[in-house]
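File shown: upload_26.txt. Contents: compact mmCIF, C-alpha atoms and all ligand atoms.
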# COMPACT_ATOMS: atom_id res chain seq x y z
CA MET A 22 99.44 89.39 67.17
CA ARG A 23 96.97 87.04 65.48
CA VAL A 24 98.48 84.77 62.85
CA ARG A 25 97.01 82.08 60.68
CA ASN A 26 97.68 78.54 61.92
CA LYS A 27 100.66 77.03 60.12
CA PRO A 28 100.15 73.26 59.92
CA TRP A 29 103.83 72.74 59.02
CA ALA A 30 105.08 74.49 62.18
CA PRO A 31 105.18 71.60 64.74
CA LYS A 32 106.98 69.30 62.28
CA LEU A 33 109.61 71.94 61.50
CA ILE A 34 110.13 72.61 65.22
CA ASN A 35 110.56 68.89 65.93
CA ALA A 36 113.06 68.58 63.09
CA HIS A 37 115.43 71.24 64.53
CA PRO A 38 116.21 70.58 68.20
CA GLU A 39 119.64 72.16 67.60
CA LEU A 40 118.03 75.57 66.88
CA ILE A 41 114.90 75.64 69.03
CA THR A 42 113.83 74.35 72.41
CA GLU A 43 110.34 73.81 73.82
CA THR A 44 111.72 72.70 77.20
CA PRO A 45 113.88 75.68 78.19
CA ALA A 46 113.93 74.73 81.89
CA ASP A 47 116.27 71.86 80.89
CA LEU A 48 118.81 74.46 79.75
CA ARG A 49 118.70 76.57 82.92
CA GLY A 50 122.29 77.59 83.67
CA LYS A 51 123.53 75.78 80.54
CA TRP A 52 122.51 78.08 77.70
CA GLN A 53 126.09 78.74 76.65
CA THR A 54 126.32 75.10 75.52
CA ARG A 55 123.75 75.90 72.80
CA PHE A 56 126.02 78.44 71.10
CA ALA A 57 129.20 78.22 69.04
CA LYS A 58 131.09 80.09 71.77
CA PRO A 59 130.36 81.46 75.25
CA GLN A 60 129.49 85.18 75.07
CA PRO A 61 127.12 87.57 76.86
CA ILE A 62 123.50 86.49 76.40
CA GLN A 63 120.70 88.89 75.45
CA ILE A 64 117.06 87.84 75.16
CA GLU A 65 113.94 89.20 73.49
CA VAL A 66 110.56 88.30 74.98
CA GLY A 67 107.83 88.27 72.34
CA SER A 68 110.07 88.16 69.27
CA GLY A 69 107.28 87.86 66.72
CA LYS A 70 108.63 86.80 63.34
CA GLY A 71 112.17 87.69 64.39
CA GLN A 72 113.17 90.61 62.18
CA PHE A 73 114.78 92.47 65.12
CA ILE A 74 116.65 89.60 66.75
CA ILE A 75 117.94 88.17 63.46
CA GLU A 76 119.36 91.56 62.46
CA MET A 77 120.85 92.06 65.95
CA ALA A 78 122.50 88.64 65.76
CA LYS A 79 123.99 89.54 62.37
CA GLN A 80 125.24 92.95 63.54
CA HIS A 81 126.63 91.65 66.86
CA PRO A 82 128.44 88.34 66.45
CA GLU A 83 130.03 89.00 69.87
CA ILE A 84 126.63 88.53 71.59
CA ASN A 85 124.55 85.34 71.95
CA TYR A 86 120.82 85.97 71.44
CA ILE A 87 117.72 84.04 72.48
CA ALA A 88 114.29 84.75 70.96
CA ILE A 89 111.40 83.79 73.24
CA GLU A 90 108.01 83.56 71.55
CA ILE A 91 104.83 81.96 72.84
CA GLN A 92 103.02 81.24 69.55
CA THR A 93 103.93 78.11 67.59
CA SER A 94 103.01 79.57 64.20
CA VAL A 95 105.06 82.70 64.89
CA ILE A 96 108.30 81.18 66.22
CA ALA A 97 108.17 78.70 63.36
CA VAL A 98 108.59 81.65 60.98
CA ILE A 99 111.84 82.66 62.73
CA LEU A 100 112.94 79.03 62.65
CA ARG A 101 112.32 78.78 58.92
CA LYS A 102 114.52 81.86 58.37
CA LEU A 103 117.24 80.38 60.59
CA VAL A 104 117.20 77.06 58.75
CA GLU A 105 117.69 78.96 55.48
CA GLU A 106 120.43 81.18 56.94
CA PRO A 107 121.99 79.70 60.09
CA LEU A 108 123.39 82.09 62.72
CA PRO A 109 125.75 80.60 65.34
CA ASN A 110 124.70 83.22 67.92
CA LEU A 111 120.89 82.88 67.78
CA GLN A 112 118.76 80.28 69.57
CA LEU A 113 114.97 80.04 69.69
CA CYS A 114 112.78 79.28 72.66
CA HIS A 115 109.11 78.39 72.17
CA ALA A 116 107.73 79.27 75.59
CA ASP A 117 105.91 81.80 77.78
CA GLY A 118 108.24 84.63 78.79
CA GLN A 119 106.35 84.89 82.08
CA ALA A 120 108.37 81.89 83.30
CA VAL A 121 111.87 83.27 82.60
CA THR A 122 113.04 82.40 86.11
CA ALA A 123 112.42 78.73 85.31
CA PHE A 124 114.46 79.02 82.11
CA PHE A 125 117.49 81.00 83.30
CA GLU A 126 119.68 81.06 86.37
CA PRO A 127 120.22 84.33 88.23
CA ASN A 128 122.81 86.45 86.37
CA GLU A 129 122.61 84.34 83.19
CA ILE A 130 121.27 87.22 81.05
CA ASP A 131 122.95 90.52 80.14
CA ARG A 132 120.11 92.45 78.55
CA LEU A 133 116.41 92.00 77.78
CA TYR A 134 114.43 93.45 74.88
CA LEU A 135 110.67 94.02 74.76
CA ASN A 136 109.52 95.23 71.36
CA PHE A 137 105.93 96.20 70.62
CA SER A 138 104.56 93.96 73.34
CA ASP A 139 100.82 93.31 73.26
CA PRO A 140 99.23 96.38 74.94
CA TRP A 141 96.36 94.61 76.77
CA PRO A 142 94.43 97.92 76.97
CA LYS A 143 91.71 96.79 79.40
CA SER A 144 92.75 97.57 82.98
CA ARG A 145 91.52 94.15 84.14
CA HIS A 146 94.23 92.65 81.89
CA GLU A 147 97.13 94.79 83.15
CA LYS A 148 98.81 91.76 84.77
CA ARG A 149 99.35 90.36 81.27
CA ARG A 150 101.41 93.36 80.12
CA LEU A 151 105.06 92.38 79.82
CA THR A 152 106.09 95.39 81.92
CA TYR A 153 103.75 94.53 84.83
CA LYS A 154 105.59 94.36 88.17
CA SER A 155 105.57 90.54 88.33
CA PHE A 156 107.32 90.40 84.93
CA LEU A 157 109.84 93.04 86.04
CA ALA A 158 110.61 91.00 89.16
CA ALA A 159 111.21 87.91 87.02
CA TYR A 160 113.48 89.82 84.62
CA GLN A 161 115.47 91.24 87.53
CA GLU A 162 116.09 87.73 88.86
CA VAL A 163 117.67 86.44 85.64
CA LEU A 164 119.54 89.61 84.63
CA LYS A 165 123.06 90.42 85.81
CA PRO A 166 123.29 93.14 88.51
CA ALA A 167 122.45 96.49 86.90
CA GLY A 168 120.98 94.61 83.94
CA GLN A 169 119.03 96.63 81.41
CA ILE A 170 115.70 96.48 79.64
CA GLU A 171 115.23 98.04 76.22
CA PHE A 172 111.57 98.63 75.46
CA LYS A 173 109.96 100.00 72.28
CA THR A 174 106.31 100.54 71.47
CA ASP A 175 103.99 102.61 69.33
CA ASN A 176 101.24 102.33 71.94
CA ARG A 177 100.97 105.47 74.09
CA GLY A 178 98.94 103.69 76.79
CA LEU A 179 101.44 100.84 77.16
CA PHE A 180 104.33 103.34 77.12
CA GLU A 181 102.80 105.38 79.97
CA PHE A 182 101.94 102.24 81.95
CA SER A 183 105.49 100.92 81.48
CA LEU A 184 107.10 104.19 82.58
CA THR A 185 105.04 104.14 85.78
CA SER A 186 105.55 100.43 86.40
CA MET A 187 109.34 100.64 85.88
CA ASN A 188 109.58 103.80 88.01
CA ASN A 189 107.60 102.20 90.85
CA PHE A 190 109.87 99.15 90.65
CA GLY A 191 112.92 101.37 91.16
CA LEU A 192 114.38 101.10 87.68
CA HIS A 193 116.66 103.93 86.62
CA PHE A 194 115.82 105.52 83.28
CA GLU A 195 118.96 105.83 81.15
CA GLN A 196 117.12 107.28 78.16
CA VAL A 197 113.52 107.87 77.14
CA TRP A 198 112.46 108.78 73.61
CA LEU A 199 109.04 110.23 72.82
CA ASP A 200 109.65 110.08 69.06
CA LEU A 201 112.53 107.72 68.38
CA HIS A 202 112.49 108.02 64.59
CA ALA A 203 112.78 111.80 64.76
CA VAL A 204 116.23 111.56 66.31
CA VAL A 205 117.91 108.29 65.33
CA THR A 206 119.20 107.22 61.94
CA PRO A 207 118.19 103.84 60.52
CA GLU A 208 121.77 102.66 61.21
CA GLU A 209 121.32 103.40 64.92
CA ASN A 210 118.00 101.59 65.28
CA VAL A 211 117.26 97.98 64.34
CA GLU A 212 113.61 97.97 63.35
CA THR A 213 111.08 95.28 64.22
CA GLU A 214 108.26 94.15 61.91
CA TYR A 215 105.71 96.10 63.91
CA GLU A 216 107.90 99.19 63.97
CA GLN A 217 108.25 99.13 60.19
CA LYS A 218 104.51 98.74 59.79
CA PHE A 219 103.23 101.22 62.37
CA SER A 220 105.80 104.03 62.55
CA ILE A 221 104.08 105.84 59.67
CA HIS A 222 100.97 106.25 61.86
CA GLY A 223 102.65 107.97 64.82
CA PRO A 224 105.68 108.18 67.12
CA ILE A 225 107.72 105.26 68.40
CA TYR A 226 108.46 105.42 72.12
CA LYS A 227 111.58 103.86 73.59
CA ILE A 228 112.91 103.33 77.11
CA ILE A 229 116.31 102.07 78.24
CA ALA A 230 116.19 101.37 81.97
CA THR A 231 118.56 99.78 84.50
CA PHE A 232 117.48 97.60 87.42
CA PRO A 233 118.51 98.75 90.88
CA THR A 234 121.39 96.78 92.44
N1 LIG B 301 108.37 92.01 68.72
C1 LIG B 301 107.71 91.82 67.44
C2 LIG B 301 107.70 93.11 66.67
O1 LIG B 301 107.98 94.17 67.25
O2 LIG B 301 107.43 93.08 65.46
C3 LIG B 301 106.29 91.24 67.63
C4 LIG B 301 105.29 92.14 68.29
S1 LIG B 301 103.73 91.33 68.56
C5 LIG B 301 102.63 92.64 68.83
C6 LIG B 301 103.92 90.68 70.21
C7 LIG B 301 104.48 89.27 70.24
O3 LIG B 301 104.71 88.88 71.59
C8 LIG B 301 103.53 88.23 69.65
O4 LIG B 301 104.21 87.46 68.68
C9 LIG B 301 103.11 87.39 70.86
O5 LIG B 301 102.84 86.05 70.52
C10 LIG B 301 104.32 87.54 71.76
N2 LIG B 301 104.05 87.32 73.18
C11 LIG B 301 103.04 87.87 73.90
N3 LIG B 301 103.09 87.46 75.18
C12 LIG B 301 104.17 86.65 75.28
C13 LIG B 301 104.75 85.92 76.35
N4 LIG B 301 104.21 85.95 77.57
N5 LIG B 301 105.86 85.18 76.11
C14 LIG B 301 106.40 85.14 74.86
N6 LIG B 301 105.89 85.81 73.80
C15 LIG B 301 104.80 86.56 74.01

This entry written out as structure tokens:
Amino acid sequence: MRVRNKPWAPKLINAHPELITETPADLRGKWQTRFAKPQPIQIEVGSGKGQFIIEMAKQHPEINYIAIEIQTSVIAVILRKLVEEPLPNLQLCHADGQAVTAFFEPNEIDRLYLNFSDPWPKSRHEKRRLTYKSFLAAYQEVLKPAGQIEFKTDNRGLFEFSLTSMNNFGLHFEQVWLDLHAVVTPEENVETEYEQKFSIHGPIYKIIATFPT
């Protein structure tokens, strides 16, 4: 996702260390201290402007959520929303999701969401896809035993690559949807910004998969 540079973003980030961290390795094993109460932690890697994770945090006060986003001007948009409407169960992390093992201890995370990850269509860039085997290995390390990934995309190529990559890694497919919106009601599916924008052009694919124990 390309976004216009937001000159106000670094200042806003610096002003709210209680809501956002840029040094997540310092919180490794201590994330519960960032929330109002200790509860299962779920993370989203590549949260974009946060529509999905904000709505999840509102609908599930019994879960603590962490949004991980690499772009300053993008995570600052989530932060601005959070400053306007604080949520005790949502924390922001401005960092590269590739390094999750540096940010979280083994077993610290209950569930991981990947929504409309960048497809990196050129095969020489496949290592950058968030479902590449090195990413899956990192997710497995921080997730609880039998931890799950929920993955949504509108990109057929990334969907097929992810199915193969997860299968080769030994993940168990709980459910796979080839056209999510044809079968779920809006109440059963929290939409992301990309999903809202692109679902009119074609199907949304979804995978729920469990890591082997
Ligand atoms: N999930 C949102 C949605 O569905 O509307 C945003 C989708 S956007 C196509 C992908 C997002 O992932 C971008 O905001 C990008 O900056 C972020 N991203 C890509 N690679 C990342 C990484 N390694 N770590 C954290 N965020 C990443």

**OP:** Do a neighbour search on Ser186 of chain A at 8 Å with all atoms listed in the file, toss out local chain neighbours closer than 3 positions, and write the hits as a list in words.
**Re:** Thr152, Tyr153, Lys154, Phe182, Ser183, Asn189 and Phe190 of chain A

Padding 6 Å on every side, please: axis-aligned box over the listed atoms of ligand LIG 301 (chain B), centre and edge lengths to one decimal in Å, as JSON.
{"center_x": 105.5, "center_y": 89.7, "center_z": 71.5, "size_x": 17.7, "size_y": 21.0, "size_z": 24.1}

Using only C-alpha atoms and all ligand atoms, what does the table of chain A residues within 10 Å of ligand LIG 301 (chain B) look like, with each row giving the shortest atom pair and its distance in Å to one decimal, sorted by chain and ascending number, as JSON lines?
{"residue": "A:Met22", "atom": "CA", "partner": "B:LIG301", "partner_atom": "C5", "distance": 4.8}
{"residue": "A:Arg23", "atom": "CA", "partner": "B:LIG301", "partner_atom": "O5", "distance": 7.8}
{"residue": "A:Val24", "atom": "CA", "partner": "B:LIG301", "partner_atom": "O4", "distance": 8.6}
{"residue": "A:Glu65", "atom": "CA", "partner": "B:LIG301", "partner_atom": "N1", "distance": 7.9}
{"residue": "A:Val66", "atom": "CA", "partner": "B:LIG301", "partner_atom": "C14", "distance": 5.2}
{"residue": "A:Gly67", "atom": "CA", "partner": "B:LIG301", "partner_atom": "O3", "distance": 3.3}
{"residue": "A:Ser68", "atom": "CA", "partner": "B:LIG301", "partner_atom": "N1", "distance": 4.2}
{"residue": "A:Gly69", "atom": "CA", "partner": "B:LIG301", "partner_atom": "C3", "distance": 3.6}
{"residue": "A:Lys70", "atom": "CA", "partner": "B:LIG301", "partner_atom": "C1", "distance": 6.5}
{"residue": "A:Gly71", "atom": "CA", "partner": "B:LIG301", "partner_atom": "C1", "distance": 6.8}
{"residue": "A:Gln72", "atom": "CA", "partner": "B:LIG301", "partner_atom": "O2", "distance": 7.1}
{"residue": "A:Phe73", "atom": "CA", "partner": "B:LIG301", "partner_atom": "C2", "distance": 7.3}
{"residue": "A:Ile74", "atom": "CA", "partner": "B:LIG301", "partner_atom": "N1", "distance": 8.8}
{"residue": "A:Ala88", "atom": "CA", "partner": "B:LIG301", "partner_atom": "C14", "distance": 8.8}
{"residue": "A:Ile89", "atom": "CA", "partner": "B:LIG301", "partner_atom": "C14", "distance": 5.4}
{"residue": "A:Glu90", "atom": "CA", "partner": "B:LIG301", "partner_atom": "N6", "distance": 3.8}
{"residue": "A:Ile91", "atom": "CA", "partner": "B:LIG301", "partner_atom": "C14", "distance": 4.1}
{"residue": "A:Gln92", "atom": "CA", "partner": "B:LIG301", "partner_atom": "O5", "distance": 4.9}
{"residue": "A:Thr93", "atom": "CA", "partner": "B:LIG301", "partner_atom": "O5", "distance": 8.5}
{"residue": "A:Ser94", "atom": "CA", "partner": "B:LIG301", "partner_atom": "O5", "distance": 9.1}
{"residue": "A:Val95", "atom": "CA", "partner": "B:LIG301", "partner_atom": "O4", "distance": 6.1}
{"residue": "A:Ile96", "atom": "CA", "partner": "B:LIG301", "partner_atom": "O4", "distance": 7.9}
{"residue": "A:Cys114", "atom": "CA", "partner": "B:LIG301", "partner_atom": "C14", "distance": 8.9}
{"residue": "A:His115", "atom": "CA", "partner": "B:LIG301", "partner_atom": "C14", "distance": 7.8}
{"residue": "A:Ala116", "atom": "CA", "partner": "B:LIG301", "partner_atom": "C14", "distance": 6.1}
{"residue": "A:Asp117", "atom": "CA", "partner": "B:LIG301", "partner_atom": "N5", "distance": 3.8}
{"residue": "A:Gly118", "atom": "CA", "partner": "B:LIG301", "partner_atom": "N5", "distance": 3.6}
{"residue": "A:Gln119", "atom": "CA", "partner": "B:LIG301", "partner_atom": "N4", "distance": 5.1}
{"residue": "A:Ala120", "atom": "CA", "partner": "B:LIG301", "partner_atom": "N4", "distance": 8.2}
{"residue": "A:Val121", "atom": "CA", "partner": "B:LIG301", "partner_atom": "N5", "distance": 9.0}
{"residue": "A:Tyr134", "atom": "CA", "partner": "B:LIG301", "partner_atom": "N1", "distance": 8.8}
{"residue": "A:Leu135", "atom": "CA", "partner": "B:LIG301", "partner_atom": "N1", "distance": 6.8}
{"residue": "A:Asn136", "atom": "CA", "partner": "B:LIG301", "partner_atom": "N1", "distance": 4.3}
{"residue": "A:Phe137", "atom": "CA", "partner": "B:LIG301", "partner_atom": "O1", "distance": 4.4}
{"residue": "A:Ser138", "atom": "CA", "partner": "B:LIG301", "partner_atom": "C6", "distance": 4.6}
{"residue": "A:Asp139", "atom": "CA", "partner": "B:LIG301", "partner_atom": "C5", "distance": 4.8}
{"residue": "A:Pro140", "atom": "CA", "partner": "B:LIG301", "partner_atom": "C5", "distance": 7.9}
{"residue": "A:Trp141", "atom": "CA", "partner": "B:LIG301", "partner_atom": "C11", "distance": 9.9}
{"residue": "A:Arg149", "atom": "CA", "partner": "B:LIG301", "partner_atom": "N4", "distance": 7.5}
{"residue": "A:Arg150", "atom": "CA", "partner": "B:LIG301", "partner_atom": "N3", "distance": 7.9}
{"residue": "A:Leu151", "atom": "CA", "partner": "B:LIG301", "partner_atom": "N4", "distance": 6.9}
{"residue": "A:Phe156", "atom": "CA", "partner": "B:LIG301", "partner_atom": "N4", "distance": 9.1}
{"residue": "A:Phe172", "atom": "CA", "partner": "B:LIG301", "partner_atom": "N1", "distance": 10.0}
{"residue": "A:Lys173", "atom": "CA", "partner": "B:LIG301", "partner_atom": "O1", "distance": 8.0}
{"residue": "A:Thr174", "atom": "CA", "partner": "B:LIG301", "partner_atom": "O1", "distance": 7.8}
{"residue": "A:Asp175", "atom": "CA", "partner": "B:LIG301", "partner_atom": "O1", "distance": 9.6}
{"residue": "A:Glu212", "atom": "CA", "partner": "B:LIG301", "partner_atom": "O1", "distance": 7.8}
{"residue": "A:Thr213", "atom": "CA", "partner": "B:LIG301", "partner_atom": "O2", "distance": 4.4}
{"residue": "A:Glu214", "atom": "CA", "partner": "B:LIG301", "partner_atom": "O2", "distance": 3.8}
{"residue": "A:Tyr215", "atom": "CA", "partner": "B:LIG301", "partner_atom": "O2", "distance": 3.8}
{"residue": "A:Glu216", "atom": "CA", "partner": "B:LIG301", "partner_atom": "O1", "distance": 6.0}
{"residue": "A:Gln217", "atom": "CA", "partner": "B:LIG301", "partner_atom": "O2", "distance": 8.1}
{"residue": "A:Lys218", "atom": "CA", "partner": "B:LIG301", "partner_atom": "O2", "distance": 8.5}
{"residue": "A:Phe219", "atom": "CA", "partner": "B:LIG301", "partner_atom": "O2", "distance": 9.7}

Selected residues written out with C-alpha atoms, as an mmCIF file, keeping the file's coordinate frame:
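Okay, this is what ended up in out29.cif:
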data_model
loop_
_atom_site.group_PDB
_atom_site.id
_atom_site.type_symbol
_atom_site.label_atom_id
_atom_site.label_comp_id
_atom_site.auth_asym_id
_atom_site.auth_seq_id
_atom_site.Cartn_x
_atom_site.Cartn_y
_atom_site.Cartn_z
ATOM 1 C CA MET A 22 99.440 89.390 67.170
ATOM 2 C CA ARG A 23 96.970 87.040 65.480
ATOM 3 C CA VAL A 24 98.480 84.770 62.850
ATOM 4 C CA GLU A 65 113.940 89.200 73.490
ATOM 5 C CA VAL A 66 110.560 88.300 74.980
ATOM 6 C CA GLY A 67 107.830 88.270 72.340
ATOM 7 C CA SER A 68 110.070 88.160 69.270
ATOM 8 C CA GLY A 69 107.280 87.860 66.720
ATOM 9 C CA LYS A 70 108.630 86.800 63.340
ATOM 10 C CA GLY A 71 112.170 87.690 64.390
ATOM 11 C CA GLN A 72 113.170 90.610 62.180
ATOM 12 C CA PHE A 73 114.780 92.470 65.120
ATOM 13 C CA ILE A 74 116.650 89.600 66.750
ATOM 14 C CA ALA A 88 114.290 84.750 70.960
ATOM 15 C CA ILE A 89 111.400 83.790 73.240
ATOM 16 C CA GLU A 90 108.010 83.560 71.550
ATOM 17 C CA ILE A 91 104.830 81.960 72.840
ATOM 18 C CA GLN A 92 103.020 81.240 69.550
ATOM 19 C CA THR A 93 103.930 78.110 67.590
ATOM 20 C CA SER A 94 103.010 79.570 64.200
ATOM 21 C CA VAL A 95 105.060 82.700 64.890
ATOM 22 C CA ILE A 96 108.300 81.180 66.220
ATOM 23 C CA CYS A 114 112.780 79.280 72.660
ATOM 24 C CA HIS A 115 109.110 78.390 72.170
ATOM 25 C CA ALA A 116 107.730 79.270 75.590
ATOM 26 C CA ASP A 117 105.910 81.800 77.780
ATOM 27 C CA GLY A 118 108.240 84.630 78.790
ATOM 28 C CA GLN A 119 106.350 84.890 82.080
ATOM 29 C CA ALA A 120 108.370 81.890 83.300
ATOM 30 C CA VAL A 121 111.870 83.270 82.600
ATOM 31 C CA TYR A 134 114.430 93.450 74.880
ATOM 32 C CA LEU A 135 110.670 94.020 74.760
ATOM 33 C CA ASN A 136 109.520 95.230 71.360
ATOM 34 C CA PHE A 137 105.930 96.200 70.620
ATOM 35 C CA SER A 138 104.560 93.960 73.340
ATOM 36 C CA ASP A 139 100.820 93.310 73.260
ATOM 37 C CA PRO A 140 99.230 96.380 74.940
ATOM 38 C CA TRP A 141 96.360 94.610 76.770
ATOM 39 C CA ARG A 149 99.350 90.360 81.270
ATOM 40 C CA ARG A 150 101.410 93.360 80.120
ATOM 41 C CA LEU A 151 105.060 92.380 79.820
ATOM 42 C CA PHE A 156 107.320 90.400 84.930
ATOM 43 C CA PHE A 172 111.570 98.630 75.460
ATOM 44 C CA LYS A 173 109.960 100.000 72.280
ATOM 45 C CA THR A 174 106.310 100.540 71.470
ATOM 46 C CA ASP A 175 103.990 102.610 69.330
ATOM 47 C CA GLU A 212 113.610 97.970 63.350
ATOM 48 C CA THR A 213 111.080 95.280 64.220
ATOM 49 C CA GLU A 214 108.260 94.150 61.910
ATOM 50 C CA TYR A 215 105.710 96.100 63.910
ATOM 51 C CA GLU A 216 107.900 99.190 63.970
ATOM 52 C CA GLN A 217 108.250 99.130 60.190
ATOM 53 C CA LYS A 218 104.510 98.740 59.790
ATOM 54 C CA PHE A 219 103.230 101.220 62.370
#

* **Within 12 Å of file point (116.5, 92.8, 87.1), counting all atoms listed in the file, expressed as a count of residues only** => 37

Counting only C-alpha atoms, closest pick from A:Ala123, A:Pro45, A:Ala36, A:Val211 relative to Ile75 of chain A is A:Val211

Between atom CA of Glu126 of chain A and atom CA of Leu100 of chain A lies a distance of 24.7 Å

Atom pair atom CA of Val204 of chain A + atom CA of Ile228 of chain A, distance 14.0 Å

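Taking atom CA of Phe125 of chain A and atom CA of Glu105 of chain A as the two end points, the separation is 27.9 Å.
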
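Nearest-residue note for Gly50 of chain A: choosing from A:Asn176, A:Leu103, A:Asn85, A:Phe124, the minimum distance belongs to A:Phe124, counting all atoms listed in the file.
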
Item to complete: Show which residues sit within 12 Å of Trp52 of chain A, as a PyMOL selection string. Count all atoms listed in the file, and ignore same-chain residues fewer than 2 positions away.
Response: chain A and resi 40-42+45-50+54-64+85-87+110-114+124-126+129-130

Convert the current residue selection to file output with C-alpha atoms, as an mmCIF file, in the frame of the given file.
data_model
loop_
_atom_site.group_PDB
_atom_site.id
_atom_site.type_symbol
_atom_site.label_atom_id
_atom_site.label_comp_id
_atom_site.auth_asym_id
_atom_site.auth_seq_id
_atom_site.Cartn_x
_atom_site.Cartn_y
_atom_site.Cartn_z
ATOM 1 C CA LEU A 40 118.030 75.570 66.880
ATOM 2 C CA ILE A 41 114.900 75.640 69.030
ATOM 3 C CA THR A 42 113.830 74.350 72.410
ATOM 4 C CA PRO A 45 113.880 75.680 78.190
ATOM 5 C CA ALA A 46 113.930 74.730 81.890
ATOM 6 C CA ASP A 47 116.270 71.860 80.890
ATOM 7 C CA LEU A 48 118.810 74.460 79.750
ATOM 8 C CA ARG A 49 118.700 76.570 82.920
ATOM 9 C CA GLY A 50 122.290 77.590 83.670
ATOM 10 C CA THR A 54 126.320 75.100 75.520
ATOM 11 C CA ARG A 55 123.750 75.900 72.800
ATOM 12 C CA PHE A 56 126.020 78.440 71.100
ATOM 13 C CA ALA A 57 129.200 78.220 69.040
ATOM 14 C CA LYS A 58 131.090 80.090 71.770
ATOM 15 C CA PRO A 59 130.360 81.460 75.250
ATOM 16 C CA GLN A 60 129.490 85.180 75.070
ATOM 17 C CA PRO A 61 127.120 87.570 76.860
ATOM 18 C CA ILE A 62 123.500 86.490 76.400
ATOM 19 C CA GLN A 63 120.700 88.890 75.450
ATOM 20 C CA ILE A 64 117.060 87.840 75.160
ATOM 21 C CA ASN A 85 124.550 85.340 71.950
ATOM 22 C CA TYR A 86 120.820 85.970 71.440
ATOM 23 C CA ILE A 87 117.720 84.040 72.480
ATOM 24 C CA ASN A 110 124.700 83.220 67.920
ATOM 25 C CA LEU A 111 120.890 82.880 67.780
ATOM 26 C CA GLN A 112 118.760 80.280 69.570
ATOM 27 C CA LEU A 113 114.970 80.040 69.690
ATOM 28 C CA CYS A 114 112.780 79.280 72.660
ATOM 29 C CA PHE A 124 114.460 79.020 82.110
ATOM 30 C CA PHE A 125 117.490 81.000 83.300
ATOM 31 C CA GLU A 126 119.680 81.060 86.370
ATOM 32 C CA GLU A 129 122.610 84.340 83.190
ATOM 33 C CA ILE A 130 121.270 87.220 81.050
#

Please list as a PDB file with C-alpha atoms, keeping the file's coordinate frame every residue within 6 Å of Ala30 of chain A, counting only C-alpha atoms and excluding residues in the same chain fewer than 3 positions away.
ATOM      1  CA  LYS A  27     100.660  77.030  60.120  1.00  0.00           C
ATOM      2  CA  LEU A  33     109.610  71.940  61.500  1.00  0.00           C
ATOM      3  CA  SER A  94     103.010  79.570  64.200  1.00  0.00           C
ATOM      4  CA  ALA A  97     108.170  78.700  63.360  1.00  0.00           C
TER       5      ALA A  97
END

Tell me which protein, DNA and RNA residues are within 10 Å of Ala203 of chain A, counting all atoms listed in the file, leaving out same-chain ones fewer than 4 positions away, and put them as JSON, numbers by chain. {"A": [198, 199, 224, 225]}

Generate a file of the selected residues that holds C-alpha atoms, formatted as a short mmCIF file (atom, residue, chain, number, x, y, z; two decimals), in the coordinates of the input.
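Writing done, so here's result_11.cif:
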data_model
loop_
_atom_site.label_atom_id
_atom_site.label_comp_id
_atom_site.auth_asym_id
_atom_site.auth_seq_id
_atom_site.Cartn_x
_atom_site.Cartn_y
_atom_site.Cartn_z
CA TRP A 198 112.46 108.78 73.61
CA LEU A 199 109.04 110.23 72.82
CA PRO A 224 105.68 108.18 67.12
CA ILE A 225 107.72 105.26 68.40
#

Return segment 123-133 of chain A, completed with N, CA and C atoms, as a compact mmCIF listing (two decimals), in the frame of the given file.
# COMPACT_ATOMS: atom_id res chain seq x y z
N ALA A 123 112.28 80.19 85.44
CA ALA A 123 112.42 78.73 85.31
C ALA A 123 113.40 78.37 84.19
N PHE A 124 113.62 79.32 83.29
CA PHE A 124 114.46 79.02 82.11
C PHE A 124 115.92 79.44 82.30
N PHE A 125 116.14 80.44 83.16
CA PHE A 125 117.49 81.00 83.30
C PHE A 125 117.88 81.08 84.77
N GLU A 126 119.16 80.89 85.02
CA GLU A 126 119.68 81.06 86.37
C GLU A 126 119.86 82.55 86.66
N PRO A 127 119.89 82.93 87.93
CA PRO A 127 120.22 84.33 88.23
C PRO A 127 121.55 84.70 87.56
N ASN A 128 121.59 85.89 87.01
CA ASN A 128 122.81 86.45 86.37
C ASN A 128 123.13 85.85 84.99
N GLU A 129 122.26 85.00 84.46
CA GLU A 129 122.61 84.34 83.19
C GLU A 129 122.43 85.28 81.98
N ILE A 130 121.64 86.35 82.19
CA ILE A 130 121.27 87.22 81.05
C ILE A 130 121.87 88.62 81.22
N ASP A 131 122.35 89.18 80.12
CA ASP A 131 122.95 90.52 80.14
C ASP A 131 121.97 91.65 79.84
N ARG A 132 121.01 91.39 78.97
CA ARG A 132 120.11 92.45 78.55
C ARG A 132 118.82 91.82 78.03
N LEU A 133 117.71 92.54 78.20
CA LEU A 133 116.41 92.00 77.78
C LEU A 133 115.68 93.03 76.92
